[in-house]
Amino acid sequence: MSVKGIPVAEFDFDLFVIGAGSGGVRAGRMAAAMGVRVGMAEDRYLGGTCVNVGCVPKKLFVYGSHFSEEFENAAGFGWTVGKSTFDWPTLRDNKTKEIERLNGIYRNMLVNSGVNLLDGRARITGPNTVEVSGQQYSAERILIATGGWPYVPEFPGSEHVISSNEVFYLDQFPKRALVVGGGYIAVEFAGIFAGLGAETSLIYRGDLFLRGFDQEVREFTAEEVAKKNISLRFNNNIEKIDKLADGSFLAYLTDGSTLEADTIMYATGRVPNVMDLGLENISVEQKASGAIVVNDQFQTAEPSVYAIGDVIDRVQLTPVALAEGMALVRNLYAGKNQQVDYDLIATAVFCQPNIGTVGLSEEKSRELYENVDVYKSTFRAMKHTISGSDEKTFMKMLVDRDSDKVLGVHMVGPDAGEIIQGIAVALKAGATKAVFDSTIGIHPTAAEEFVTMREPAS
């Protein structure tokens, strides 16, 4: 037996994984544990975007940025907190130490599982061959798991901006920060900058950020974010940026105004990381965005080449890449026929306050169902009844009146992600509104509101 002229027994590897991010690591480890000969190449950092310049360090920064508000809230509870100061190098460097610790854990996990880990850029040279640092390797199958990369448009002065890749390693923390974009990363970092003490503006070309989320959730979040000393400038964009003599920047906006800043961060989307992969040497199909097209088994048009995670641009979430990697390996090496279920994927935005959501928005519910009941609640969290904060919490549930099935649940408020994760299990199990109604709540919690919503608002 041979594959395009290479006898199977003579392959260097059964599976060669390009990219040691969430999906690639999971697939490589699982396959190696099954006795598959796995090679893996990574030219940047182990753990991919999530561990190094994404979910993990961002969440650490969110925690750090929230303390200033907690110090203020403490007074109502009888605590006298002295003058506080923030030291950026301490947060930045402690974060980096934690990331380096995780990098080490990933390396040990891979090596101990039997993966042959290669440090270097991998390029595909043929359907069954890969080159790393000038060395050629052959493989029965190749898995592309290279993730995504920040997209920054080109315009006069765009060389002065940073992306989410650089923001975690700034030499100095800015006194004035501009964040451009309307997605998760933009909204989250506006909160981080403001919470850590920067004068912050969020600029978005659309009329409201977080496109695709429930409209009421978007509107409520905008109101709450604006309370956090963040200037929201919708229907606006930057035309050009000048660097000033003192090293700061002057941004010229489309509405004719200007803004000075010490740091300008672009969070205007991510694109599949396919540059210099050697895709021209194989028969793969790509979307206009560069995303690699795969079938339900994550196989490309080149039968020996597979792809998972952000590089296929289905759902850009770490747990999705993990699920795709596990399904792929089980199907290839354990005789399974598993497909990833992309329905009812819960997600969170770690802005301040947090957003947690699962299922359909009200807009989508009304498109798909004839009779939709909307249950919602807005309240001041118990903590803030004496903290003095005017932050509010919003909860919403969409129900198909005809079947009583819960279609979507949304929350804006503290720990929204933690709460919605549990509710996602209920929705995945097909919970009806009657099931929620018959569940006794935990008192006093914000979460109990979801089982005490009795009358639809509309």
# chains A, B, ... in the order shown; residues from 1 in each chain; ligands from 1
>>> residues_around(residues="segment 325-334 of chain A", least_positions_apart="6", cutoff="7 Å", atoms="only C-alpha atoms", output="PyMOL selection string")
chain A and resi 23-24+26-27+30-31+297-298+308+340
>>> write_last_selection(atoms="C-alpha atoms", output="short mmCIF file (atom, residue, chain, number, x, y, z; two decimals), in the first residue's frame")
data_model
loop_
_atom_site.label_atom_id
_atom_site.label_comp_id
_atom_site.auth_asym_id
_atom_site.auth_seq_id
_atom_site.Cartn_x
_atom_site.Cartn_y
_atom_site.Cartn_z
CA GLY A 23 -7.33 22.31 18.96
CA GLY A 24 -3.96 21.06 17.75
CA ARG A 26 -5.90 18.27 22.08
CA ALA A 27 -5.87 16.35 18.81
CA MET A 30 -5.39 12.19 22.09
CA ALA A 31 -3.95 10.61 18.98
CA GLN A 297 -15.13 15.14 9.08
CA PHE A 298 -12.81 18.21 8.94
CA ILE A 308 -9.85 22.44 12.73
CA VAL A 340 -19.52 18.34 16.45
#
>>> residues_around(residues="Phe193 of chain A", least_positions_apart="4", cutoff="9 Å", atoms="only C-alpha atoms", output="list in words")
Ser65, Phe173, Pro174, Arg176, Ala177, Glu188, Phe189, Gly197, Ala198, Glu199 and Thr200 of chain A
>>> write_last_selection(atoms="N, CA and C atoms", output="compact mmCIF listing (two decimals), in the first residue's frame")
# COMPACT_ATOMS: atom_id res chain seq x y z
N SER A 65 -8.43 44.69 36.58
CA SER A 65 -9.07 45.98 36.33
C SER A 65 -10.29 46.22 37.20
N PHE A 173 1.91 51.58 30.77
CA PHE A 173 0.46 51.62 30.70
C PHE A 173 0.02 53.02 30.28
N PRO A 174 -0.91 53.14 29.34
CA PRO A 174 -1.29 54.45 28.82
C PRO A 174 -2.18 55.25 29.78
N ARG A 176 -4.05 57.57 28.35
CA ARG A 176 -5.21 57.73 27.45
C ARG A 176 -5.17 56.59 26.43
N ALA A 177 -6.29 55.88 26.30
CA ALA A 177 -6.35 54.73 25.39
C ALA A 177 -7.56 54.84 24.46
N GLU A 188 -14.16 44.20 25.74
CA GLU A 188 -13.45 43.73 26.93
C GLU A 188 -12.26 44.62 27.26
N PHE A 189 -11.48 44.99 26.25
CA PHE A 189 -10.29 45.80 26.53
C PHE A 189 -10.62 47.24 26.85
N GLY A 197 -7.38 52.52 34.99
CA GLY A 197 -7.12 53.94 35.20
C GLY A 197 -6.89 54.78 33.97
N ALA A 198 -6.99 54.23 32.79
CA ALA A 198 -6.77 55.01 31.58
C ALA A 198 -8.05 55.75 31.17
N GLU A 199 -7.88 56.94 30.64
CA GLU A 199 -8.99 57.67 30.03
C GLU A 199 -9.28 56.97 28.71
N THR A 200 -10.46 56.36 28.61
CA THR A 200 -10.69 55.39 27.52
C THR A 200 -11.85 55.78 26.62
>>> closest_residue(among="A:Val451, A:Val161, A:Val311, A:Ile282", to="Val409 of chain A", atoms="only C-alpha atoms")
A:Val451
>>> select_by_dssp(residues="segment 175-204 of chain A", states="strand (DSSP E)", output="ChimeraX atom specification")
/A:176-180,199-203
>>> write_last_selection(atoms="N, CA and C atoms", output="PDB file, in the first residue's frame")
ATOM      1  N   ARG A 176      -4.053  57.569  28.349  1.00  0.00           N
ATOM      2  CA  ARG A 176      -5.207  57.730  27.450  1.00  0.00           C
ATOM      3  C   ARG A 176      -5.168  56.592  26.435  1.00  0.00           C
ATOM      4  N   ALA A 177      -6.289  55.878  26.295  1.00  0.00           N
ATOM      5  CA  ALA A 177      -6.354  54.734  25.388  1.00  0.00           C
ATOM      6  C   ALA A 177      -7.555  54.843  24.461  1.00  0.00           C
ATOM      7  N   LEU A 178      -7.333  54.506  23.210  1.00  0.00           N
ATOM      8  CA  LEU A 178      -8.414  54.386  22.237  1.00  0.00           C
ATOM      9  C   LEU A 178      -8.499  52.925  21.823  1.00  0.00           C
ATOM     10  N   VAL A 179      -9.701  52.378  21.838  1.00  0.00           N
ATOM     11  CA  VAL A 179      -9.925  51.026  21.358  1.00  0.00           C
ATOM     12  C   VAL A 179     -10.870  51.114  20.171  1.00  0.00           C
ATOM     13  N   VAL A 180     -10.489  50.473  19.069  1.00  0.00           N
ATOM     14  CA  VAL A 180     -11.301  50.514  17.856  1.00  0.00           C
ATOM     15  C   VAL A 180     -11.838  49.121  17.568  1.00  0.00           C
ATOM     16  N   GLU A 199      -7.881  56.939  30.639  1.00  0.00           N
ATOM     17  CA  GLU A 199      -8.989  57.668  30.032  1.00  0.00           C
ATOM     18  C   GLU A 199      -9.279  56.971  28.713  1.00  0.00           C
ATOM     19  N   THR A 200     -10.456  56.359  28.606  1.00  0.00           N
ATOM     20  CA  THR A 200     -10.695  55.390  27.525  1.00  0.00           C
ATOM     21  C   THR A 200     -11.853  55.782  26.624  1.00  0.00           C
ATOM     22  N   SER A 201     -11.633  55.608  25.320  1.00  0.00           N
ATOM     23  CA  SER A 201     -12.695  55.773  24.329  1.00  0.00           C
ATOM     24  C   SER A 201     -12.782  54.511  23.494  1.00  0.00           C
ATOM     25  N   LEU A 202     -14.011  54.110  23.187  1.00  0.00           N
ATOM     26  CA  LEU A 202     -14.251  52.978  22.307  1.00  0.00           C
ATOM     27  C   LEU A 202     -14.898  53.500  21.039  1.00  0.00           C
ATOM     28  N   ILE A 203     -14.248  53.253  19.912  1.00  0.00           N
ATOM     29  CA  ILE A 203     -14.716  53.756  18.629  1.00  0.00           C
ATOM     30  C   ILE A 203     -15.185  52.587  17.775  1.00  0.00           C
TER      31      ILE A 203
END
>>> select_by_dssp(residues="segment 52-189 of chain A", states="helix (DSSP H, G or I)", output="ChimeraX atom specification")
/A:52-53,55-77,88-113,158-160,167-169,184-189
>>> residues_around(residues="Thr268 of chain A", least_positions_apart="2", cutoff="7 Å", atoms="only C-alpha atoms", output="tab-separated table (two decimals) with C-alpha atoms, in the first residue's frame")
chain	number	residue	atom	x	y	z
A	151	TYR	CA	-6.81	41.95	11.41
A	152	VAL	CA	-5.74	45.61	11.27
A	180	VAL	CA	-11.30	50.51	17.86
A	181	GLY	CA	-13.78	47.74	17.15
A	266	TYR	CA	-7.36	47.85	17.00
>>> atom_distance(atom1="atom CA of Gly335 of chain A", atom2="atom CA of Phe13 of chain A")
19.5 Å
>>> closest_atom_pairs(of="segment 139-240 of chain A", to="segment 299-306 of chain A", cutoff="7 Å", atoms="only C-alpha atoms", output="tab-separated table")
residue	atom	partner	partner_atom	distance
A:Glu140	CA	A:Ser304	CA	6.7
A:Arg141	CA	A:Ser304	CA	4.8
A:Ile142	CA	A:Val305	CA	4.8
A:Leu143	CA	A:Tyr306	CA	4.7
A:Ile144	CA	A:Tyr306	CA	6.1
>>> residues_around(residues="segment 225-238 of chain A", least_positions_apart="6", cutoff="8 Å", atoms="only C-alpha atoms", output="list of chain:residue names")
A:Val180, A:Ala190, A:Gly191, A:Ala194, A:Gly195, A:Glu199, A:Thr200, A:Ser201, A:Leu202, A:Ile203, A:Tyr204, A:Arg205, A:Gly206, A:Asp207, A:Leu208, A:Phe209, A:Ala251, A:Tyr252, A:Leu253, A:Thr254, A:Asp255, A:Cys351, A:Gln352, A:Pro353, A:Glu391
>>> closest_residue(among="A:Glu239, A:Pro456, A:Ile386, A:Leu427", to="Ser257 of chain A", atoms="only C-alpha atoms")
A:Glu239
>>> atom_distance(atom1="atom CA of Arg37 of chain A", atom2="atom CA of Trp149 of chain A")
28.9 Å
>>> residues_around(residues="Gly47 of chain A", least_positions_apart="2", cutoff="6 Å", atoms="only C-alpha atoms", output="PDB file with N, CA and C atoms, in the first residue's frame")
ATOM      1  N   ALA A  20       0.325  24.399  17.674  1.00  0.00           N
ATOM      2  CA  ALA A  20       0.147  23.841  19.024  1.00  0.00           C
ATOM      3  C   ALA A  20      -0.765  24.722  19.850  1.00  0.00           C
ATOM      4  N   GLY A  21      -1.920  25.081  19.276  1.00  0.00           N
ATOM      5  CA  GLY A  21      -2.943  25.801  20.018  1.00  0.00           C
ATOM      6  C   GLY A  21      -3.917  24.814  20.640  1.00  0.00           C
ATOM      7  N   SER A  22      -5.058  25.321  21.066  1.00  0.00           N
ATOM      8  CA  SER A  22      -6.020  24.485  21.786  1.00  0.00           C
ATOM      9  C   SER A  22      -6.426  23.249  21.003  1.00  0.00           C
ATOM     10  N   VAL A  51      -4.132  30.752  25.335  1.00  0.00           N
ATOM     11  CA  VAL A  51      -3.245  30.728  26.496  1.00  0.00           C
ATOM     12  C   VAL A  51      -2.331  31.941  26.531  1.00  0.00           C
TER      13      VAL A  51
END
>>> atom_distance(atom1="atom CA of Leu15 of chain A", atom2="atom CA of Thr129 of chain A")
10.8 Å
>>> residues_around(residues="Ile355 of chain A", least_positions_apart="4", cutoff="12 Å", atoms="only C-alpha atoms", output="VMD selection string")
chain A and resid 184 187 to 188 210 213 to 214 216 to 218 220 to 222 224 to 225 346 to 351 393 to 396 409 to 421
>>> residues_around(residues="Asp310 of chain A", least_positions_apart="3", cutoff="8 Å", atoms="only C-alpha atoms", output="PDB file with N, CA and C atoms, in the first residue's frame")
ATOM      1  N   ALA A 145      -3.938  23.387  12.225  1.00  0.00           N
ATOM      2  CA  ALA A 145      -4.614  23.953  13.403  1.00  0.00           C
ATOM      3  C   ALA A 145      -3.898  25.237  13.801  1.00  0.00           C
ATOM      4  N   THR A 146      -3.782  26.136  12.836  1.00  0.00           N
ATOM      5  CA  THR A 146      -2.966  27.343  13.014  1.00  0.00           C
ATOM      6  C   THR A 146      -3.738  28.540  13.560  1.00  0.00           C
ATOM      7  N   GLY A 147      -5.035  28.381  13.779  1.00  0.00           N
ATOM      8  CA  GLY A 147      -5.797  29.431  14.455  1.00  0.00           C
ATOM      9  C   GLY A 147      -6.050  30.673  13.625  1.00  0.00           C
ATOM     10  N   GLY A 148      -6.212  31.795  14.346  1.00  0.00           N
ATOM     11  CA  GLY A 148      -6.491  33.072  13.699  1.00  0.00           C
ATOM     12  C   GLY A 148      -5.425  34.096  14.005  1.00  0.00           C
ATOM     13  N   PRO A 272      -8.289  33.934   9.470  1.00  0.00           N
ATOM     14  CA  PRO A 272      -7.585  32.651   9.546  1.00  0.00           C
ATOM     15  C   PRO A 272      -6.090  32.828   9.301  1.00  0.00           C
ATOM     16  N   ASP A 313     -12.820  28.801  10.599  1.00  0.00           N
ATOM     17  CA  ASP A 313     -13.734  29.932  10.807  1.00  0.00           C
ATOM     18  C   ASP A 313     -15.204  29.520  10.867  1.00  0.00           C
ATOM     19  N   ARG A 314     -15.479  28.488  11.656  1.00  0.00           N
ATOM     20  CA  ARG A 314     -16.888  28.135  11.906  1.00  0.00           C
ATOM     21  C   ARG A 314     -17.380  28.890  13.133  1.00  0.00           C
ATOM     22  N   VAL A 315     -16.855  28.543  14.292  1.00  0.00           N
ATOM     23  CA  VAL A 315     -17.151  29.269  15.526  1.00  0.00           C
ATOM     24  C   VAL A 315     -15.812  29.505  16.221  1.00  0.00           C
ATOM     25  N   GLN A 316     -15.423  30.771  16.334  1.00  0.00           N
ATOM     26  CA  GLN A 316     -14.096  31.090  16.873  1.00  0.00           C
ATOM     27  C   GLN A 316     -14.107  31.108  18.398  1.00  0.00           C
ATOM     28  N   LEU A 317     -14.159  29.927  18.978  1.00  0.00           N
ATOM     29  CA  LEU A 317     -14.135  29.777  20.428  1.00  0.00           C
ATOM     30  C   LEU A 317     -13.238  28.604  20.783  1.00  0.00           C
ATOM     31  N   ALA A 321     -12.801  24.548  19.226  1.00  0.00           N
ATOM     32  CA  ALA A 321     -11.599  23.932  18.654  1.00  0.00           C
ATOM     33  C   ALA A 321     -11.262  22.628  19.370  1.00  0.00           C
TER      34      ALA A 321
END
>>> closest_residue(among="A:Ser113, A:Lys428, A:Lys83, A:Ala447", to="Met34 of chain A", atoms="only C-alpha atoms")
A:Ser113
